[in-house]
>>> print(open('final16.cif').read())   # mmCIF, C-alpha atoms and all ligand atoms
data_target
loop_
_atom_site.label_atom_id
_atom_site.label_comp_id
_atom_site.auth_asym_id
_atom_site.auth_seq_id
_atom_site.Cartn_x
_atom_site.Cartn_y
_atom_site.Cartn_z
CA MET A 192 201.57 -315.24 71.70
CA SER A 193 198.70 -313.21 73.23
CA ASN A 194 195.48 -314.88 74.29
CA ALA A 195 193.77 -313.45 71.21
CA ASP A 196 196.36 -315.21 69.04
CA THR A 197 196.32 -318.51 70.90
CA PRO A 198 194.64 -321.03 68.59
CA ALA A 199 191.41 -322.35 70.01
CA ILE A 200 188.94 -324.97 68.84
CA HIS A 201 185.65 -325.75 70.57
CA LEU A 202 182.73 -327.99 69.63
CA ARG A 203 179.41 -326.47 70.73
CA GLN A 204 175.77 -327.25 70.00
CA SER A 205 173.57 -324.68 68.28
CA GLY A 206 169.96 -325.81 67.98
CA ASP A 207 170.18 -329.43 66.74
CA LEU A 208 173.62 -328.98 65.22
CA PRO A 209 177.16 -329.49 66.56
CA LEU A 210 179.32 -326.57 65.41
CA LEU A 211 183.12 -326.33 65.44
CA TYR A 212 184.37 -322.90 66.56
CA ILE A 213 187.90 -322.10 65.41
CA ARG A 214 190.07 -319.11 66.25
CA ASN A 215 193.74 -318.48 65.50
CA ARG A 216 196.02 -315.51 64.94
CA HIS A 217 194.60 -314.91 61.45
CA ALA A 218 190.85 -315.44 61.66
CA SER A 219 187.86 -317.02 63.31
CA ALA A 220 185.47 -319.50 61.71
CA VAL A 221 182.49 -321.72 62.46
CA ILE A 222 181.93 -325.08 60.73
CA ALA A 223 178.77 -327.19 61.04
CA LEU A 224 179.50 -330.94 61.11
CA GLN A 225 176.20 -331.29 59.24
CA GLY A 226 177.17 -330.97 55.60
CA ALA A 227 180.78 -330.05 56.57
CA GLN A 228 179.43 -326.54 56.04
CA VAL A 229 181.63 -323.55 56.72
CA LEU A 230 179.14 -321.05 58.19
CA ARG A 231 181.39 -318.18 59.18
CA TYR A 232 184.88 -316.97 58.34
CA GLN A 233 186.30 -313.60 59.32
CA ARG A 234 189.88 -312.35 59.35
CA HIS A 235 190.65 -310.30 62.46
CA ASP A 236 191.47 -307.30 60.23
CA SER A 237 188.34 -307.49 58.08
CA ARG A 238 184.58 -307.95 57.87
CA PRO A 239 182.83 -311.34 57.66
CA LEU A 240 183.71 -312.90 54.30
CA LEU A 241 180.69 -315.21 54.09
CA TRP A 242 177.02 -314.29 54.23
CA LEU A 243 174.90 -316.21 56.75
CA SER A 244 171.16 -315.63 56.92
CA ASP A 245 169.76 -313.74 59.93
CA LEU A 246 167.00 -316.35 59.74
CA ALA A 247 169.40 -319.32 59.66
CA ALA A 248 167.83 -322.42 61.25
CA TYR A 249 170.10 -324.97 62.93
CA GLN A 250 167.92 -328.03 62.37
CA ARG A 251 169.00 -331.62 61.69
CA GLY A 252 168.34 -332.66 58.11
CA GLN A 253 168.11 -329.10 56.74
CA SER A 254 171.05 -327.20 55.22
CA VAL A 255 171.72 -323.85 56.93
CA ARG A 256 171.18 -320.89 54.55
CA GLY A 257 174.56 -319.34 53.95
CA GLY A 258 178.26 -320.08 54.27
CA ILE A 259 179.50 -322.80 51.90
CA PRO A 260 176.99 -325.64 51.35
CA VAL A 261 178.54 -328.68 49.63
CA CYS A 262 176.54 -329.78 46.58
CA TRP A 263 177.41 -333.41 45.65
CA PRO A 264 176.97 -335.88 43.86
CA TRP A 265 174.80 -333.56 41.77
CA PHE A 266 174.30 -329.82 41.52
CA GLY A 267 170.80 -328.33 41.45
CA ASP A 268 167.93 -330.42 40.06
CA LEU A 269 169.02 -334.00 39.26
CA ALA A 270 166.67 -333.92 36.27
CA ARG A 271 168.69 -331.01 34.82
CA ASN A 272 171.96 -332.95 35.12
CA PRO A 273 173.58 -334.88 32.25
CA LEU A 274 171.82 -338.16 31.47
CA SER A 275 174.89 -340.13 32.61
CA ILE A 276 174.37 -338.76 36.14
CA GLN A 277 170.62 -339.19 36.10
CA THR A 278 170.81 -342.83 34.98
CA GLN A 279 173.61 -343.61 37.43
CA PHE A 280 171.47 -342.52 40.34
CA ALA A 281 168.29 -343.82 38.79
CA SER A 282 169.97 -347.28 38.69
CA ASP A 283 171.22 -346.72 42.28
CA ASN A 284 167.70 -345.62 43.00
CA ALA A 285 166.57 -349.07 41.90
CA SER A 286 169.11 -350.64 44.28
CA THR A 287 168.60 -348.27 47.18
CA HIS A 288 164.88 -347.53 46.60
CA GLU A 289 164.74 -344.83 49.23
CA LEU A 290 167.23 -342.58 47.34
CA LYS A 291 165.41 -339.28 46.90
CA ALA A 292 166.62 -336.57 44.51
CA PRO A 293 166.81 -333.43 46.68
CA ALA A 294 168.18 -330.21 45.20
CA HIS A 295 171.99 -330.03 45.33
CA GLY A 296 172.59 -333.68 46.07
CA LEU A 297 172.72 -335.87 49.14
CA VAL A 298 175.41 -334.64 51.53
CA ARG A 299 174.65 -331.10 52.73
CA ASP A 300 172.10 -332.25 55.32
CA ILE A 301 173.86 -335.28 56.81
CA THR A 302 176.42 -335.21 59.61
CA TRP A 303 180.01 -335.65 58.44
CA LEU A 304 182.70 -337.23 60.60
CA LEU A 305 185.50 -335.08 62.02
CA ASP A 306 188.66 -336.88 60.87
CA THR A 307 191.59 -334.61 61.78
CA VAL A 308 192.35 -331.18 63.18
CA SER A 309 195.85 -329.75 62.87
CA GLU A 310 197.36 -326.36 63.57
CA ASN A 311 200.44 -324.57 62.33
CA THR A 312 201.51 -320.93 62.25
CA ASP A 313 199.73 -320.45 58.93
CA ALA A 314 196.37 -322.07 59.55
CA THR A 315 194.08 -324.42 61.39
CA VAL A 316 193.26 -327.34 59.10
CA VAL A 317 190.16 -329.50 59.60
CA THR A 318 189.36 -332.62 57.60
CA LEU A 319 185.85 -334.04 57.53
CA ARG A 320 184.69 -337.28 55.89
CA CYS A 321 181.19 -337.94 54.60
CA PRO A 322 179.62 -341.25 55.71
CA ILE A 323 178.22 -341.88 52.24
CA ALA A 324 177.97 -345.64 52.71
CA ALA A 325 174.83 -344.67 54.59
CA ILE A 326 173.34 -343.36 51.34
CA GLY A 327 174.30 -346.35 49.20
CA LEU A 328 177.62 -345.06 47.84
CA GLY A 329 179.89 -347.31 49.88
CA HIS A 330 182.67 -347.55 47.30
CA ILE A 331 183.07 -343.79 46.99
CA GLU A 332 185.01 -341.67 49.48
CA LEU A 333 184.22 -337.98 49.99
CA GLN A 334 186.34 -335.67 52.13
CA LEU A 335 186.44 -331.93 52.72
CA GLN A 336 189.60 -330.24 53.99
CA ILE A 337 189.08 -326.72 55.37
CA SER A 338 192.01 -324.42 56.09
CA ILE A 339 191.40 -321.36 58.26
CA GLY A 340 194.26 -318.87 57.84
CA ASP A 341 194.64 -315.43 56.28
CA THR A 342 192.78 -317.05 53.40
CA LEU A 343 189.91 -319.54 53.52
CA GLN A 344 190.76 -322.73 51.65
CA THR A 345 188.49 -325.70 50.99
CA GLN A 346 189.34 -328.89 49.10
CA LEU A 347 186.54 -331.31 48.19
CA GLN A 348 188.07 -334.68 47.33
CA THR A 349 186.20 -337.56 45.70
CA SER A 350 187.85 -341.02 45.49
CA ASN A 351 186.41 -343.86 43.43
CA HIS A 352 187.13 -347.25 45.04
CA SER A 353 184.54 -349.03 42.91
CA LYS A 354 185.14 -351.11 39.79
CA ALA A 355 183.06 -348.79 37.57
CA ASP A 356 183.26 -345.18 36.46
CA PHE A 357 181.56 -342.76 38.84
CA VAL A 358 179.91 -339.71 37.25
CA TYR A 359 178.92 -336.71 39.34
CA SER A 360 178.50 -332.93 39.39
CA GLN A 361 179.44 -330.74 42.33
CA ALA A 362 179.69 -327.22 43.70
CA LEU A 363 181.04 -325.33 46.68
CA HIS A 364 177.95 -323.10 46.89
CA THR A 365 179.62 -320.08 48.53
CA TYR A 366 177.47 -317.21 49.83
CA PHE A 367 179.54 -314.00 50.03
CA ALA A 368 178.78 -311.03 52.29
CA ILE A 369 178.66 -307.79 50.28
CA SER A 370 177.65 -304.20 51.08
CA ASP A 371 175.14 -303.77 48.22
CA ILE A 372 174.42 -305.95 45.17
CA HIS A 373 173.64 -302.78 43.15
CA THR A 374 177.25 -301.58 43.38
CA THR A 375 179.08 -304.91 43.34
CA VAL A 376 180.61 -306.32 40.15
CA VAL A 377 182.25 -309.62 39.23
CA HIS A 378 185.36 -309.79 37.06
CA GLY A 379 187.03 -312.82 35.50
CA LEU A 380 184.17 -314.36 33.55
CA GLU A 381 184.33 -311.95 30.62
CA ASN A 382 183.73 -313.77 27.30
CA SER A 383 182.82 -317.02 29.11
CA ARG A 384 179.91 -319.09 27.82
CA TYR A 385 177.03 -319.42 30.25
CA ILE A 386 173.64 -321.08 30.58
CA GLU A 387 170.93 -318.55 31.38
CA THR A 388 168.65 -320.62 33.61
CA LEU A 389 166.09 -317.80 33.69
CA GLU A 390 165.66 -317.81 29.91
CA ASN A 391 164.88 -321.44 29.22
CA TRP A 392 168.45 -322.54 29.89
CA SER A 393 169.63 -320.85 26.71
CA GLU A 394 173.37 -320.51 26.06
CA LYS A 395 174.90 -317.00 26.03
CA LYS A 396 178.30 -315.31 26.20
CA GLN A 397 179.35 -312.91 28.98
CA ASP A 398 179.95 -309.40 27.71
CA GLY A 399 182.23 -307.50 30.10
CA ALA A 400 182.12 -307.64 33.91
CA ILE A 401 178.95 -308.93 35.62
CA ALA A 402 176.80 -306.21 37.18
CA PHE A 403 173.45 -306.97 38.85
CA THR A 404 170.10 -305.40 37.96
CA GLY A 405 167.74 -308.29 38.65
CA GLU A 406 167.49 -311.99 39.55
CA THR A 407 170.64 -313.67 38.30
CA ASP A 408 171.12 -317.44 38.05
CA ARG A 409 173.81 -318.31 35.48
CA ILE A 410 175.97 -321.38 34.98
CA TYR A 411 179.34 -320.38 33.47
CA LEU A 412 181.22 -323.15 31.70
CA ASP A 413 184.89 -323.79 30.92
CA THR A 414 185.77 -321.00 33.33
CA PRO A 415 189.19 -319.57 34.23
CA SER A 416 190.63 -320.30 37.67
CA ARG A 417 190.28 -316.76 39.04
CA VAL A 418 187.16 -314.69 39.70
CA ASP A 419 187.06 -311.37 41.58
CA ILE A 420 184.15 -309.78 43.47
CA VAL A 421 184.68 -306.00 43.72
CA ASP A 422 182.65 -304.42 46.50
CA ARG A 423 182.80 -300.66 45.95
CA ASN A 424 181.21 -299.43 49.18
CA TRP A 425 183.23 -301.69 51.48
CA GLN A 426 186.29 -301.14 49.25
CA ARG A 427 186.97 -304.87 49.32
CA ASN A 428 188.17 -307.15 46.55
CA ILE A 429 187.41 -310.83 47.18
CA THR A 430 189.43 -313.20 45.00
CA LEU A 431 188.43 -316.80 44.31
CA HIS A 432 191.16 -319.12 43.00
CA ALA A 433 189.64 -322.46 42.00
CA GLU A 434 191.57 -325.53 40.84
CA GLY A 435 189.83 -328.65 39.53
CA SER A 436 186.75 -326.54 38.81
CA CYS A 437 185.57 -325.84 35.25
CA SER A 438 182.24 -324.16 36.06
CA ALA A 439 181.03 -321.22 38.13
CA VAL A 440 177.45 -320.46 39.12
CA VAL A 441 176.55 -316.81 39.75
CA TRP A 442 173.36 -316.34 41.74
CA ASN A 443 171.39 -313.58 43.33
CA PRO A 444 167.66 -314.20 43.96
CA TRP A 445 166.68 -310.49 43.85
CA ILE A 446 163.21 -309.50 45.09
CA GLU A 447 160.63 -312.07 43.96
CA LYS A 448 162.66 -315.29 44.39
CA SER A 449 163.77 -314.09 47.85
CA LYS A 450 160.13 -314.31 48.94
CA ARG A 451 160.13 -318.03 48.05
CA LEU A 452 163.36 -318.96 49.81
CA SER A 453 163.52 -320.63 53.23
CA GLN A 454 165.60 -319.00 55.98
CA PHE A 455 165.82 -315.81 53.93
CA ASP A 456 164.85 -312.28 54.99
CA VAL A 457 163.00 -310.55 52.13
CA ASP A 458 165.60 -307.77 51.86
CA ALA A 459 168.66 -309.97 52.34
CA TRP A 460 169.26 -310.29 48.57
CA GLN A 461 170.90 -306.85 48.68
CA GLN A 462 173.76 -308.00 50.91
CA MET A 463 174.59 -311.40 49.48
CA LEU A 464 176.01 -312.91 46.29
CA CYS A 465 176.73 -316.54 45.45
CA ILE A 466 179.74 -317.44 43.31
CA GLU A 467 179.77 -321.24 43.27
CA SER A 468 182.96 -323.03 42.23
CA ALA A 469 181.68 -326.12 40.46
CA ASN A 470 181.82 -328.87 37.89
CA VAL A 471 178.36 -329.02 36.37
CA MET A 472 176.58 -329.85 33.07
CA GLU A 473 179.18 -330.66 30.37
CA ASP A 474 181.91 -330.01 32.98
CA CYS A 475 180.69 -332.87 35.21
CA ILE A 476 183.33 -335.35 36.39
CA ARG A 477 183.67 -338.95 35.19
CA LEU A 478 185.98 -340.67 37.70
CA ALA A 479 187.58 -343.95 36.59
CA PRO A 480 187.96 -346.83 39.05
CA GLY A 481 190.78 -346.04 41.50
CA ALA A 482 190.89 -342.36 40.49
CA GLN A 483 190.58 -339.28 42.68
CA HIS A 484 189.46 -335.70 41.94
CA THR A 485 189.81 -332.56 44.05
CA LEU A 486 187.89 -329.32 43.71
CA ALA A 487 190.13 -326.80 45.49
CA LEU A 488 189.02 -323.24 46.31
CA MET A 489 191.15 -320.52 47.89
CA ILE A 490 189.34 -317.32 48.87
CA GLY A 491 191.38 -314.23 49.73
CA GLU A 492 190.55 -310.57 50.15
CA LYS A 493 192.34 -307.24 49.95
CA PRO A 494 191.30 -303.60 50.19
CA THR A 495 190.61 -301.91 46.84
CA SER A 496 192.73 -298.82 46.32
O1 LIG A 501 172.99 -322.17 42.79
C1 LIG A 501 171.85 -321.44 42.47
C2 LIG A 501 170.63 -322.24 42.89
O2 LIG A 501 170.51 -323.41 42.15
C3 LIG A 501 169.41 -321.32 42.77
O3 LIG A 501 168.62 -321.67 41.66
C4 LIG A 501 168.70 -321.51 44.12
O4 LIG A 501 167.82 -322.59 44.07
C5 LIG A 501 169.91 -321.74 45.03
O5 LIG A 501 170.74 -322.63 44.28
C6 LIG A 501 169.60 -322.18 46.43
O6 LIG A 501 169.12 -323.48 46.44
P1 LIG A 501 168.63 -324.08 47.87
O7 LIG A 501 168.20 -325.49 47.57
O8 LIG A 501 169.81 -324.01 48.81
O9 LIG A 501 167.52 -323.17 48.32
#
>>> encode(input="final16.cif", output="structure tokens", more="lines below")
Ligand code: TA6
Amino acid sequence: MSNADTPAIHLRQSGDLPLLYIRNRHASAVIALQGAQVLRYQRHDSRPLLWLSDLAAYQRGQSVRGGIPVCWPWFGDLARNPLSIQTQFASDNASTHELKAPAHGLVRDITWLLDTVSENTDATVVTLRCPIAAIGLGHIELQLQISIGDTLQTQLQTSNHSKADFVYSQALHTYFAISDIHTTVVHGLENSRYIETLENWSEKKQDGAIAFTGETDRIYLDTPSRVDIVDRNWQRNITLHAEGSCSAVVWNPWIEKSKRLSQFDVDAWQQMLCIESANVMEDCIRLAPGAQHTLALMIGEKPTS
């Protein structure tokens, strides 16, 4: 095995944040322990798969813009979540007082614990565990398993060790690197119902493939397991296979919203696209005592003919 193929794992500091650098014969990747956030993934025979902001800030307590932020135990604005989730955390709020309701939940800006690292010929597999007792959810267990191979695989596992149902929404908020949003299309969500968050959260139905001509922020419901991003200029087809996920959020901020985003270059909207594998709104998860749920996402890529 040449040096280039010899698996290597290093923990290095970048700004405030400890980052795990992984390299093996298939790919290289970088994972921030804060938020268990995959920041980079690139196969040796391809371009970067994930978009990471040129203005990314590596500061404690602030999610890095790009890669795969983990949104849990709610997606987006808590006040837009189902009432069962709002009241659950409102009641927790009463018990924990200091529980705030930041966008996209409570775990993307806290440091997760590195549980295991294993290597085989197919992949390097890292498991991280979220110390959620610290945020008043002691009877819930949250783990993320990340597999770095010729595909990028992430499995977000929630276990309910409490004596009551636990209701939550979630998303793997993946930022993809693309050549140009104007010539990129998304297949797989044809005929799916979606919530158009930019038109008063009205419900619509997807007609054909998704092309982009302006700010796009849609929550697709009851979605199929496979979605494809076809990047014409880079001649790359990125395939998302999601299991345990019934929703998909499709987001591009376009021009005006880009100006309001942190860690975001004003022109960056042209080279990024979020397809977020999720369980949100009516697809949120109600986990019975003793039960476990896994949101599993496999991302692969191949050249388009
Ligand atoms: O997933 C889409 C979205 O909810 C957008 O509305 C936008 O707010 C994006 O997430 C990024 O959110 P953030 O809190 O990371 O800036």
>>> closest_residue(input="final16.cif", among="A:Trp442, A:Phe280, A:Phe455, A:Tyr411", to="ligand LIG 501 (chain A)", atoms="all atoms listed in the file")
A:Trp442
>>> residues_near_ligand(input="final16.cif", ligand="ligand LIG 501 (chain A)", cutoff="10 Å", atoms="all atoms listed in the file", output="ChimeraX atom specification")
/A:253-257,260-262,266-268,293-296,299,362-366,388-389,406-410,439-444,448-449,451-455,465-467,469
>>> atom_distance(input="final16.cif", atom1="atom CA of A:Ser370", atom2="atom CA of A:Trp460")
10.7 Å
>>> closest_atom_pairs(input="final16.cif", of="stretch 298-411 of chain A", to="stretch 473-478 of chain A", cutoff="6 Å", atoms="all atoms listed in the file", output="CSV")
residue,atom,partner,partner_atom,distance
A:Asp356,CA,A:Leu478,CA,5.4
A:Phe357,CA,A:Leu478,CA,5.0
A:Val358,CA,A:Arg477,CA,4.4
A:Tyr359,CA,A:Ile476,CA,5.5
A:Ser360,CA,A:Cys475,CA,4.7
>>> atom_distance(input="final16.cif", atom1="atom CA of A:Asp371", atom2="atom CA of A:Ile259")
19.9 Å
>>> closest_residue(input="final16.cif", among="A:Leu269, A:Leu380, A:Ala400, A:Leu486", to="A:Leu335", atoms="only C-alpha atoms")
A:Leu486
>>> closest_atom_pairs(input="final16.cif", of="stretch 258-368 of chain A", to="stretch 205-209 of chain A", cutoff="12 Å", atoms="all atoms listed in the file", output="JSON lines")
{"residue": "A:Asp300", "atom": "CA", "partner": "A:Leu208", "partner_atom": "CA", "distance": 10.5}
{"residue": "A:Ile301", "atom": "CA", "partner": "A:Leu208", "partner_atom": "CA", "distance": 10.5}
{"residue": "A:Thr302", "atom": "CA", "partner": "A:Leu208", "partner_atom": "CA", "distance": 8.8}
{"residue": "A:Trp303", "atom": "CA", "partner": "A:Pro209", "partner_atom": "CA", "distance": 10.6}
{"residue": "A:Leu304", "atom": "CA", "partner": "A:Pro209", "partner_atom": "CA", "distance": 11.2}
{"residue": "A:Leu305", "atom": "CA", "partner": "A:Pro209", "partner_atom": "CA", "distance": 11.0}
>>> write_last_selection(input="final16.cif", atoms="C-alpha atoms", output="JSON list (two decimals), keeping the file's coordinate frame")
[["chain", "number", "residue", "atom", "x", "y", "z"],
["A", 300, "ASP", "CA", 172.10, -332.25, 55.32],
["A", 301, "ILE", "CA", 173.86, -335.28, 56.81],
["A", 302, "THR", "CA", 176.42, -335.21, 59.61],
["A", 303, "TRP", "CA", 180.01, -335.65, 58.44],
["A", 304, "LEU", "CA", 182.70, -337.23, 60.60],
["A", 305, "LEU", "CA", 185.50, -335.08, 62.02]]
>>> closest_residue(input="final16.cif", among="A:Val229, A:Leu243, A:Ala482, A:Val471", to="A:Ile339", atoms="all atoms listed in the file")
A:Val229
>>> closest_residue(input="final16.cif", among="A:Gln204, A:Trp265, A:Leu343, A:Pro322", to="A:Tyr249", atoms="all atoms listed in the file")
A:Gln204
>>> atom_distance(input="final16.cif", atom1="atom CA of A:Ile369", atom2="atom CA of A:Thr495")
13.8 Å
>>> closest_residue(input="final16.cif", among="A:Thr197, A:Leu412, A:Ala292, A:Asn424", to="A:Arg271", atoms="all atoms listed in the file")
A:Ala292
>>> closest_residue(input="final16.cif", among="A:Pro415, A:Pro494, A:Pro239, A:Gly340", to="A:Arg216", atoms="only C-alpha atoms")
A:Gly340
>>> residues_around(input="final16.cif", residues="A:Ala314", least_positions_apart="3", cutoff="9 Å", atoms="only C-alpha atoms", output="ChimeraX atom specification")
/A:215-218,309-311,338-342
>>> residues_around(input="final16.cif", residues="A:Leu211", least_positions_apart="4", cutoff="7 Å", atoms="all atoms listed in the file", output="NGL selection string")
:A and (200-203 or 221-223)
